[in-house]
Amino acid sequence: NQGGFCERHWTEAEDAVLREGYGKIPTPELARKIGRPKGGVFNRAWALGIKHGWCTPFSADEDRAIKIAWATGISMVDLSKTLDRDPAVVGKHARHLGVRFDRRPPGVKAPRTPRSKRPELSLASILALEDRSRAA
């Protein structure tokens with residue numbers, strides 16, 4: 001015990017819960033579920049090489065989908081759900097790509113219908129919008 005700090009070893013069951021929930025469940029909630037401090041959860045995830053969704057690099061298709069969504073009026077929330085990423089992370093990356101969802105091209109607006117009434121999107125369906133616009 002150095003300086004009064006001594007952490008118990010992680011069990012296989014705790015590691016399994018961490019692997020399943022990290023990046024999907026808010027970290028404070030996951031820490032309570034495992035019975036560990038939030039910092040311990042971050043440290044253990046790092047030691048195991050588990051990464052949050054916002055640490056995962058964006059693919060070229062995801063970059064294209066962001067630009068297409070911006071240009072065609074797909075909402076940031078719908079896009080984020082489709083990409084399985086946090087909207088703040090998608091928005092930050094979109095700005096890095098040179099697009100801002102709060103500043104769309106003239107005449108392009110996000111939908112005003114309730115989300116429950118919008119069609120389910122996939123990465124492929126968003127990318128297909130690009131192909132259709134090229135054919136027009």
# chains A, B, ... in the order shown; residues from 1 in each chain; ligands from 1
>>> residues_around(residues="segment 63-74 of chain A", least_positions_apart="5", cutoff="7 Å", atoms="only C-alpha atoms", output="PDB file with N, CA and C atoms, in the first residue's frame")
ATOM      1  N   PHE A  58     -13.148   8.149 -38.080  1.00  0.00           N
ATOM      2  CA  PHE A  58     -14.230   8.104 -39.054  1.00  0.00           C
ATOM      3  C   PHE A  58     -13.704   7.477 -40.345  1.00  0.00           C
ATOM      4  N   LEU A  79     -28.498  11.341 -38.335  1.00  0.00           N
ATOM      5  CA  LEU A  79     -27.194  10.909 -38.840  1.00  0.00           C
ATOM      6  C   LEU A  79     -26.375  10.250 -37.733  1.00  0.00           C
ATOM      7  N   ALA A  94     -17.766  17.027 -38.396  1.00  0.00           N
ATOM      8  CA  ALA A  94     -18.346  17.706 -39.562  1.00  0.00           C
ATOM      9  C   ALA A  94     -17.684  19.067 -39.761  1.00  0.00           C
ATOM     10  N   VAL A  99     -18.139  21.386 -42.943  1.00  0.00           N
ATOM     11  CA  VAL A  99     -19.585  21.566 -42.978  1.00  0.00           C
ATOM     12  C   VAL A  99     -20.111  21.774 -41.564  1.00  0.00           C
ATOM     13  N   PHE A 101     -23.803  21.866 -39.481  1.00  0.00           N
ATOM     14  CA  PHE A 101     -25.221  21.549 -39.589  1.00  0.00           C
ATOM     15  C   PHE A 101     -26.109  22.734 -39.224  1.00  0.00           C
ATOM     16  N   ARG A 104     -26.484  25.277 -43.263  1.00  0.00           N
ATOM     17  CA  ARG A 104     -26.642  24.414 -44.442  1.00  0.00           C
ATOM     18  C   ARG A 104     -26.701  25.259 -45.710  1.00  0.00           C
ATOM     19  N   PRO A 105     -26.583  24.610 -46.866  1.00  0.00           N
ATOM     20  CA  PRO A 105     -26.708  25.347 -48.127  1.00  0.00           C
ATOM     21  C   PRO A 105     -28.082  26.022 -48.227  1.00  0.00           C
ATOM     22  N   VAL A 108     -31.776  24.247 -47.997  1.00  0.00           N
ATOM     23  CA  VAL A 108     -31.694  22.925 -47.361  1.00  0.00           C
ATOM     24  C   VAL A 108     -31.978  23.084 -45.874  1.00  0.00           C
ATOM     25  N   LYS A 109     -32.988  22.381 -45.407  1.00  0.00           N
ATOM     26  CA  LYS A 109     -33.359  22.444 -43.995  1.00  0.00           C
ATOM     27  C   LYS A 109     -33.522  21.030 -43.444  1.00  0.00           C
ATOM     28  N   ALA A 110     -33.288  20.901 -42.157  1.00  0.00           N
ATOM     29  CA  ALA A 110     -33.503  19.619 -41.488  1.00  0.00           C
ATOM     30  C   ALA A 110     -35.003  19.359 -41.405  1.00  0.00           C
ATOM     31  N   PRO A 111     -35.407  18.097 -41.335  1.00  0.00           N
ATOM     32  CA  PRO A 111     -36.837  17.780 -41.291  1.00  0.00           C
ATOM     33  C   PRO A 111     -37.502  18.315 -40.026  1.00  0.00           C
ATOM     34  N   LEU A 123     -26.193   3.653 -43.394  1.00  0.00           N
ATOM     35  CA  LEU A 123     -25.070   4.285 -44.077  1.00  0.00           C
ATOM     36  C   LEU A 123     -25.235   4.126 -45.585  1.00  0.00           C
ATOM     37  N   ILE A 126     -27.846   6.554 -47.039  1.00  0.00           N
ATOM     38  CA  ILE A 126     -27.338   7.925 -47.118  1.00  0.00           C
ATOM     39  C   ILE A 126     -26.377   8.047 -48.296  1.00  0.00           C
ATOM     40  N   LEU A 127     -25.477   7.091 -48.447  1.00  0.00           N
ATOM     41  CA  LEU A 127     -24.523   7.133 -49.559  1.00  0.00           C
ATOM     42  C   LEU A 127     -25.241   7.049 -50.905  1.00  0.00           C
ATOM     43  N   GLU A 130     -26.148  10.322 -52.618  1.00  0.00           N
ATOM     44  CA  GLU A 130     -25.081  10.940 -53.416  1.00  0.00           C
ATOM     45  C   GLU A 130     -25.145  10.426 -54.850  1.00  0.00           C
TER      46      GLU A 130
END
>>> select_by_dssp(residues="segment 2-136 of chain A", states="alpha helix (DSSP H)", output="MDAnalysis selection string")
chainID A and resid 12:21 27:34 38:48 60:72 76:83 87:96 123:135
>>> residues_around(residues="segment 20-22 of chain A", least_positions_apart="6", cutoff="12 Å", atoms="only C-alpha atoms", output="JSON, numbers by chain")
{"A": [13, 14, 28, 29, 30, 31, 32, 33, 34, 38, 41, 42, 43, 44, 45, 46, 48, 49, 50, 51, 52, 53, 54, 55]}
>>> write_last_selection(atoms="N, CA and C atoms", output="mmCIF file, in the first residue's frame")
data_model
loop_
_atom_site.group_PDB
_atom_site.id
_atom_site.type_symbol
_atom_site.label_atom_id
_atom_site.label_comp_id
_atom_site.auth_asym_id
_atom_site.auth_seq_id
_atom_site.Cartn_x
_atom_site.Cartn_y
_atom_site.Cartn_z
ATOM 1 N N ALA A 13 -15.609 -11.102 -14.759
ATOM 2 C CA ALA A 13 -16.999 -10.639 -14.891
ATOM 3 C C ALA A 13 -17.046 -9.110 -15.017
ATOM 4 N N GLU A 14 -16.239 -8.401 -14.222
ATOM 5 C CA GLU A 14 -16.194 -6.935 -14.327
ATOM 6 C C GLU A 14 -15.661 -6.505 -15.695
ATOM 7 N N PRO A 28 -20.411 7.213 -15.734
ATOM 8 C CA PRO A 28 -20.786 7.168 -14.307
ATOM 9 C C PRO A 28 -21.750 6.019 -13.988
ATOM 10 N N GLU A 29 -22.689 5.771 -14.901
ATOM 11 C CA GLU A 29 -23.647 4.678 -14.704
ATOM 12 C C GLU A 29 -22.938 3.321 -14.783
ATOM 13 N N LEU A 30 -22.029 3.185 -15.743
ATOM 14 C CA LEU A 30 -21.267 1.938 -15.879
ATOM 15 C C LEU A 30 -20.408 1.703 -14.638
ATOM 16 N N ALA A 31 -19.802 2.762 -14.123
ATOM 17 C CA ALA A 31 -18.974 2.648 -12.916
ATOM 18 C C ALA A 31 -19.815 2.164 -11.729
ATOM 19 N N ARG A 32 -21.021 2.710 -11.573
ATOM 20 C CA ARG A 32 -21.910 2.254 -10.488
ATOM 21 C C ARG A 32 -22.281 0.789 -10.675
ATOM 22 N N LYS A 33 -22.563 0.414 -11.925
ATOM 23 C CA LYS A 33 -22.955 -0.962 -12.233
ATOM 24 C C LYS A 33 -21.841 -1.948 -11.870
ATOM 25 N N ILE A 34 -20.601 -1.554 -12.142
ATOM 26 C CA ILE A 34 -19.458 -2.426 -11.853
ATOM 27 C C ILE A 34 -19.025 -2.315 -10.393
ATOM 28 N N LYS A 38 -15.277 6.074 -11.357
ATOM 29 C CA LYS A 38 -15.268 6.437 -12.775
ATOM 30 C C LYS A 38 -13.844 6.428 -13.335
ATOM 31 N N VAL A 41 -12.711 2.996 -14.134
ATOM 32 C CA VAL A 41 -13.303 2.481 -15.368
ATOM 33 C C VAL A 41 -12.513 2.987 -16.572
ATOM 34 N N PHE A 42 -12.199 4.296 -16.585
ATOM 35 C CA PHE A 42 -11.401 4.859 -17.674
ATOM 36 C C PHE A 42 -10.037 4.161 -17.767
ATOM 37 N N ASN A 43 -9.372 4.004 -16.630
ATOM 38 C CA ASN A 43 -8.043 3.388 -16.614
ATOM 39 C C ASN A 43 -8.072 1.933 -17.074
ATOM 40 N N ARG A 44 -9.078 1.191 -16.620
ATOM 41 C CA ARG A 44 -9.155 -0.216 -17.008
ATOM 42 C C ARG A 44 -9.469 -0.349 -18.508
ATOM 43 N N ALA A 45 -10.372 0.504 -19.010
ATOM 44 C CA ALA A 45 -10.688 0.478 -20.443
ATOM 45 C C ALA A 45 -9.432 0.768 -21.254
ATOM 46 N N TRP A 46 -8.662 1.739 -20.825
ATOM 47 C CA TRP A 46 -7.418 2.084 -21.523
ATOM 48 C C TRP A 46 -6.454 0.897 -21.489
ATOM 49 N N LEU A 48 -7.129 -2.216 -21.260
ATOM 50 C CA LEU A 48 -7.628 -3.320 -22.084
ATOM 51 C C LEU A 48 -7.717 -2.946 -23.565
ATOM 52 N N GLY A 49 -7.457 -1.686 -23.878
ATOM 53 C CA GLY A 49 -7.518 -1.248 -25.272
ATOM 54 C C GLY A 49 -8.930 -1.038 -25.786
ATOM 55 N N ILE A 50 -9.888 -0.841 -24.869
ATOM 56 C CA ILE A 50 -11.276 -0.596 -25.256
ATOM 57 C C ILE A 50 -11.423 0.896 -25.516
ATOM 58 N N LYS A 51 -12.049 1.230 -26.643
ATOM 59 C CA LYS A 51 -12.183 2.646 -26.998
ATOM 60 C C LYS A 51 -13.646 3.037 -27.099
ATOM 61 N N HIS A 52 -13.904 4.264 -26.679
ATOM 62 C CA HIS A 52 -15.226 4.874 -26.834
ATOM 63 C C HIS A 52 -15.475 5.075 -28.311
ATOM 64 N N GLY A 53 -16.727 5.180 -28.711
ATOM 65 C CA GLY A 53 -17.073 5.454 -30.095
ATOM 66 C C GLY A 53 -16.452 6.741 -30.606
ATOM 67 N N TRP A 54 -16.278 7.725 -29.718
ATOM 68 C CA TRP A 54 -15.721 8.986 -30.196
ATOM 69 C C TRP A 54 -14.220 8.917 -30.378
ATOM 70 N N CYS A 55 -13.593 7.853 -29.984
ATOM 71 C CA CYS A 55 -12.155 7.686 -30.215
ATOM 72 C C CYS A 55 -11.893 6.929 -31.517
#
>>> atom_distance(atom1="atom CA of Arg85 of chain A", atom2="atom CA of Gly39 of chain A")
22.2 Å
>>> closest_residue(among="A:Arg115, A:Asp15, A:Thr56, A:Ile25", to="Met76 of chain A", atoms="only C-alpha atoms")
A:Arg115
>>> closest_residue(among="A:Ser75, A:Ala16, A:Ser116, A:Arg36", to="Gly91 of chain A", atoms="only C-alpha atoms")
A:Ser75
>>> atom_distance(atom1="atom CA of Arg19 of chain A", atom2="atom CA of Asp86 of chain A")
18.2 Å
>>> closest_residue(among="A:Ala47, A:Pro114, A:Gly40, A:Gly98", to="Val77 of chain A", atoms="only C-alpha atoms")
A:Pro114
>>> atom_distance(atom1="atom CA of Arg100 of chain A", atom2="atom CA of Pro57 of chain A")
19.0 Å
>>> select_by_dssp(residues="chain A", states="strand (DSSP E or B)", output="list in words")
Gln2, Phe5, Tyr22, Ile25, Arg100 and Arg103 of chain A
>>> write_last_selection(atoms="all heavy atoms", output="PDB file, in the first residue's frame")
ATOM      1  N   GLN A   2       1.004   1.893  -1.155  1.00  0.00           N
ATOM      2  CA  GLN A   2       1.802   3.106  -1.244  1.00  0.00           C
ATOM      3  C   GLN A   2       0.903   4.317  -1.148  1.00  0.00           C
ATOM      4  O   GLN A   2      -0.025   4.473  -1.926  1.00  0.00           O
ATOM      5  CB  GLN A   2       2.576   3.155  -2.555  1.00  0.00           C
ATOM      6  CG  GLN A   2       3.710   2.161  -2.578  1.00  0.00           C
ATOM      7  CD  GLN A   2       4.458   2.290  -3.871  1.00  0.00           C
ATOM      8  OE1 GLN A   2       3.919   2.017  -4.918  1.00  0.00           O
ATOM      9  NE2 GLN A   2       5.703   2.712  -3.782  1.00  0.00           N
ATOM     10  N   PHE A   5      -3.065   4.058  -1.209  1.00  0.00           N
ATOM     11  CA  PHE A   5      -3.844   3.669  -2.385  1.00  0.00           C
ATOM     12  C   PHE A   5      -3.636   2.194  -2.667  1.00  0.00           C
ATOM     13  O   PHE A   5      -2.529   1.729  -2.851  1.00  0.00           O
ATOM     14  CB  PHE A   5      -3.423   4.491  -3.605  1.00  0.00           C
ATOM     15  CG  PHE A   5      -4.149   4.111  -4.863  1.00  0.00           C
ATOM     16  CD1 PHE A   5      -5.440   4.529  -5.083  1.00  0.00           C
ATOM     17  CD2 PHE A   5      -3.537   3.310  -5.805  1.00  0.00           C
ATOM     18  CE1 PHE A   5      -6.115   4.171  -6.230  1.00  0.00           C
ATOM     19  CE2 PHE A   5      -4.203   2.941  -6.961  1.00  0.00           C
ATOM     20  CZ  PHE A   5      -5.495   3.384  -7.173  1.00  0.00           C
ATOM     21  N   TYR A  22     -18.896  -0.141 -22.283  1.00  0.00           N
ATOM     22  CA  TYR A  22     -18.065   1.056 -22.446  1.00  0.00           C
ATOM     23  C   TYR A  22     -18.363   1.762 -23.761  1.00  0.00           C
ATOM     24  O   TYR A  22     -18.319   1.165 -24.826  1.00  0.00           O
ATOM     25  CB  TYR A  22     -16.581   0.695 -22.367  1.00  0.00           C
ATOM     26  CG  TYR A  22     -15.672   1.886 -22.155  1.00  0.00           C
ATOM     27  CD1 TYR A  22     -15.686   2.586 -20.962  1.00  0.00           C
ATOM     28  CD2 TYR A  22     -14.821   2.316 -23.152  1.00  0.00           C
ATOM     29  CE1 TYR A  22     -14.870   3.673 -20.758  1.00  0.00           C
ATOM     30  CE2 TYR A  22     -13.991   3.407 -22.963  1.00  0.00           C
ATOM     31  CZ  TYR A  22     -14.011   4.083 -21.757  1.00  0.00           C
ATOM     32  OH  TYR A  22     -13.200   5.169 -21.562  1.00  0.00           O
ATOM     33  N   ILE A  25     -22.981   2.920 -22.482  1.00  0.00           N
ATOM     34  CA  ILE A  25     -23.633   3.345 -21.249  1.00  0.00           C
ATOM     35  C   ILE A  25     -22.812   4.513 -20.699  1.00  0.00           C
ATOM     36  O   ILE A  25     -21.583   4.452 -20.727  1.00  0.00           O
ATOM     37  CB  ILE A  25     -23.639   2.187 -20.209  1.00  0.00           C
ATOM     38  CG1 ILE A  25     -24.400   0.981 -20.741  1.00  0.00           C
ATOM     39  CG2 ILE A  25     -24.205   2.645 -18.883  1.00  0.00           C
ATOM     40  CD1 ILE A  25     -24.272  -0.257 -19.866  1.00  0.00           C
ATOM     41  N   ARG A 100     -21.116  22.638 -41.460  1.00  0.00           N
ATOM     42  CA  ARG A 100     -21.744  22.902 -40.166  1.00  0.00           C
ATOM     43  C   ARG A 100     -23.239  22.696 -40.325  1.00  0.00           C
ATOM     44  O   ARG A 100     -23.848  23.290 -41.205  1.00  0.00           O
ATOM     45  CB  ARG A 100     -21.447  24.326 -39.714  1.00  0.00           C
ATOM     46  CG  ARG A 100     -19.986  24.520 -39.322  1.00  0.00           C
ATOM     47  CD  ARG A 100     -19.760  25.889 -38.801  1.00  0.00           C
ATOM     48  NE  ARG A 100     -20.692  26.167 -37.714  1.00  0.00           N
ATOM     49  CZ  ARG A 100     -20.476  27.086 -36.793  1.00  0.00           C
ATOM     50  NH1 ARG A 100     -19.386  27.814 -36.825  1.00  0.00           N
ATOM     51  NH2 ARG A 100     -21.361  27.301 -35.849  1.00  0.00           N
ATOM     52  N   ARG A 103     -25.441  25.637 -40.414  1.00  0.00           N
ATOM     53  CA  ARG A 103     -25.273  26.499 -41.595  1.00  0.00           C
ATOM     54  C   ARG A 103     -25.294  25.634 -42.844  1.00  0.00           C
ATOM     55  O   ARG A 103     -24.263  25.323 -43.422  1.00  0.00           O
ATOM     56  CB  ARG A 103     -23.951  27.263 -41.509  1.00  0.00           C
ATOM     57  CG  ARG A 103     -23.900  28.233 -40.368  1.00  0.00           C
ATOM     58  CD  ARG A 103     -22.642  29.047 -40.425  1.00  0.00           C
ATOM     59  NE  ARG A 103     -22.567  29.882 -39.241  1.00  0.00           N
ATOM     60  CZ  ARG A 103     -21.461  30.256 -38.674  1.00  0.00           C
ATOM     61  NH1 ARG A 103     -20.301  29.877 -39.173  1.00  0.00           N
ATOM     62  NH2 ARG A 103     -21.477  31.013 -37.605  1.00  0.00           N
TER      63      ARG A 103
END
>>> closest_residue(among="A:Ala88, A:Arg95, A:Ser80, A:Asp61", to="Ala128 of chain A", atoms="only C-alpha atoms")
A:Asp61
>>> residues_around(residues="Ser122 of chain A", least_positions_apart="2", cutoff="6 Å", atoms="only C-alpha atoms", output="list of chain:residue names")
A:Thr82, A:Ala124, A:Ser125
